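Novice: The structure's right below; bear with me while I get my questions together.
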Amino acid sequence: MIRNSKLGNIFLLFGVVVTVLSCNPKEAEEQNEVVEKGVLALKISENQRYFQTDNGEPFFWLGDTGWLLFSKLDREASEKYLENRKQKGFNVIQVMVLHTTEAINAYGDTALVNGNVATPKLIEGIDQEKGEYDYWDHVDYVIDLAGQKGLYMALVPIWGSPVRAGQVTGRDADAYSKFLAERYKDSKHIIWLNGGDVPGSDSTAVWQKIGHNLRELNPDHLITFHPRGRTQSSDWFHHENWMDFNMFQSGHRRYDQDTAGKAFGEDNWKYVEVDYALKPTKPTLDGEPSYEGIPQGLHDPKEPLWDDAAVRRYGYWSVFAGAAGYTYGHSAVMQMHRSMDESSAYGNNILWEEAMDAPGAKQMVHLKNLMLDFPYFERIPDQSLVLNQGEKYDYLIATRGNDYALIYTYTGREIEVQLGTFGGETIHASWFNPRTGEYTEKEKVENKGTHKFKPSGEVQDGNDWVLVLN
């Protein structure tokens with residue numbers, strides 16, 4: 001929700017001065033109505049698998065991890081980042097409200113009194129028209145700015161690290177979550193990500209308190225839990241009434257690096273399969289796969305970096321398995337690495353401004369557009385269509401509706417399809433390019449028996465294609 005006291009400030013900073021600052025009250029009210037209409041509340045679809053807006057339109061979650069947005073970027077830089085993500089087709093920005101209990105923003109404003117989440121540092125009597133504001137005013141500003149651009153903010157109240165370190169008690173969490181819920185109860189474009197890279201079995205009482213308070217006080221906001229790498233929220237909280245949808249973090253490891261726990265390796269589609277089979281039915285998505293530009297395995301900068309082909313693979317694999325969306329990330333952007341920063345995590349040496357235009361960031365919109373090109377809510381995963389499924393990078397994955405099917409190959413290898421399970425007597429076959437978003441010309445095929453399809457190019461990692469049958 002746009003707060004009138006800040007609307008003039010926003011446009012003053014970003015150049016649209018005359019039309020807003022000269023508005024009479026009626027014009028200002030109309031301006032607010034335009035802004036509000038751009039952000040519709042989200043809810044779960046009738047089949048409980050996907051998201052939709054209040055007016056019933058399908059909403060494909062295409063997220064970006066801008067984790068340190070509130071603490072690292074000033075208002076001008078925040079505008080630059082949010083506009084870039086809007087232009088690239090992202091519609092959800094995942095952000096930490098507090099990374100640590102010592103959180104401080106780009107203006108030197110601290111978030112808390114004595115590092116206690118129960119006592120947010122709120123400064124009364126300051127004049128925002130003169131550029132005076134505290135940490136929470138800045139958070140409000142960025143949230144409102146995102147709403148104006150039609151972007152949804154998926155907010156982590158407090159990252160898992162300080163909670164695990166014992167810096168947040170159940171009583172602290174109770175007060176803090178009530179503060180957040182009251183402050184943002186009218187912001188339609190907020191989604192709550194409880195947790196923050198932590199197992200739900202660690203500090204469970206804190207996560208439960210936050211979840212229950214947010215559900216009680218923000219009943220119209222969607223809530224999930226952002227878990228530790230290679231785990232999923234459903235491991236602990238699937239049956240909680242505050243959990244609207246599941247999220248998993250497939251993590252940043254290669255097949256040979258992931259040998260513990262479920263050991264799914266890079267097969268993030270397996271997490272979707274687990275959640276898809278659970279009752280009650282809830283949407284799920286990969287909220288943190290391997291970031292573009294981050295070392296494979298995460299901690300050794302000498303390892304190869306994950307590239308755009310990898311983030312495409314994670315996206316198409318998980319969505320075709322039945323996920324309700326996908327979150328992309330880049331190592332430099334998620335930490336908002338600036339030229340003034342003395343160090344950077346995970347060996348990153350790229351500034352966030354440059355990394356915003358990385359190849360993978362430009363290609364993610366094609367996945368969203370493809371999903372929305374076809375009847376959305378009827379879509380289901382269906383591996384019975386693929387007769388030569390394969391494994392690891394050769395794995396072929398299929399999703400379909402009543403009259404269409406989509407099959408993804410990461411390596412561009414031949415796909416053998418069982419026809420006759422959807423559509424009419426004949427169907428059209430074409431190829432969709434995940435790198436460009438372009439379709440090839442359609443070929444008519446008799447819709448019975450089996451048929452082999454082969455995309456152009458050599459069989460190799462990253463020559464990925466989607467076979468489109470409709």
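Numbering starts fresh at 1 for the residues of each chain in the structure tokens, the chains themselves are lettered A, B, ... in the order given, and ligands are numbered from 1 as they appear.
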List every residue of range 270-443 of chain A that DSSP, applied to the backbone of this structure, assigns to alpha helix (DSSP H), and report them as JSON, numbers by chain.
Specialist: {"A": [270, 271, 272, 273, 274, 275, 276, 308, 309, 310, 311, 312, 313, 314, 315, 316, 317, 318, 319, 320, 331, 332, 333, 334, 352, 353, 354, 355, 359, 360, 361, 362, 363, 364, 365, 366, 367, 368, 369, 370, 371, 372]}
Novice: Measuring between only C-alpha atoms, which one of A:Gln232, A:Thr409, A:Thr65, A:Thr53 shows the shortest distance to Tyr316 in chain A?
Specialist: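 Distance minimum relative to Tyr316 in chain A lands on A:Thr409.
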Novice: Restrict the calculation to only C-alpha atoms, then for each residue of range 93-203 of chain A with any atom at most 12 Å from an atom of range 335-359 of chain A give the closest atom pair and their distance in Å to one decimal, rows by chain and rising residue number, as CSV.
Specialist:
```
residue,atom,partner,partner_atom,distance
A:Gln94,CA,A:Gln335,CA,11.8
A:Val95,CA,A:Gln335,CA,10.3
A:Met96,CA,A:Gln335,CA,10.7
A:His99,CA,A:Gln335,CA,10.7
A:Ala106,CA,A:Arg338,CA,11.0
```
Novice: Please produce a file of those selected residues containing N, CA and C atoms, as an mmCIF file, in the first residue's frame.
Specialist:
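Wrote result_37.cif, looks like this:
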```cif
data_model
loop_
_atom_site.group_PDB
_atom_site.id
_atom_site.type_symbol
_atom_site.label_atom_id
_atom_site.label_comp_id
_atom_site.auth_asym_id
_atom_site.auth_seq_id
_atom_site.Cartn_x
_atom_site.Cartn_y
_atom_site.Cartn_z
ATOM 1 N N GLN A 94 12.888 -11.607 -3.351
ATOM 2 C CA GLN A 94 13.095 -12.200 -2.035
ATOM 3 C C GLN A 94 14.147 -11.397 -1.282
ATOM 4 N N VAL A 95 13.781 -10.883 -0.106
ATOM 5 C CA VAL A 95 14.627 -9.942 0.637
ATOM 6 C C VAL A 95 14.623 -10.283 2.122
ATOM 7 N N MET A 96 15.764 -10.094 2.767
ATOM 8 C CA MET A 96 15.834 -10.178 4.227
ATOM 9 C C MET A 96 15.455 -8.831 4.829
ATOM 10 N N HIS A 99 19.174 -9.133 8.225
ATOM 11 C CA HIS A 99 20.173 -10.186 8.025
ATOM 12 C C HIS A 99 20.790 -10.574 9.360
ATOM 13 N N ALA A 106 22.265 1.577 4.110
ATOM 14 C CA ALA A 106 23.246 2.361 3.356
ATOM 15 C C ALA A 106 23.398 3.776 3.890
#
```
Novice: Hey, what's within 7 Å of range 363-379 of chain A if we count only C-alpha atoms and toss same-chain stuff fewer than 6 positions away? As a PyMOL selection string, please?
Specialist: chain A and resi 58+60+62+88-90+399-401+434-437
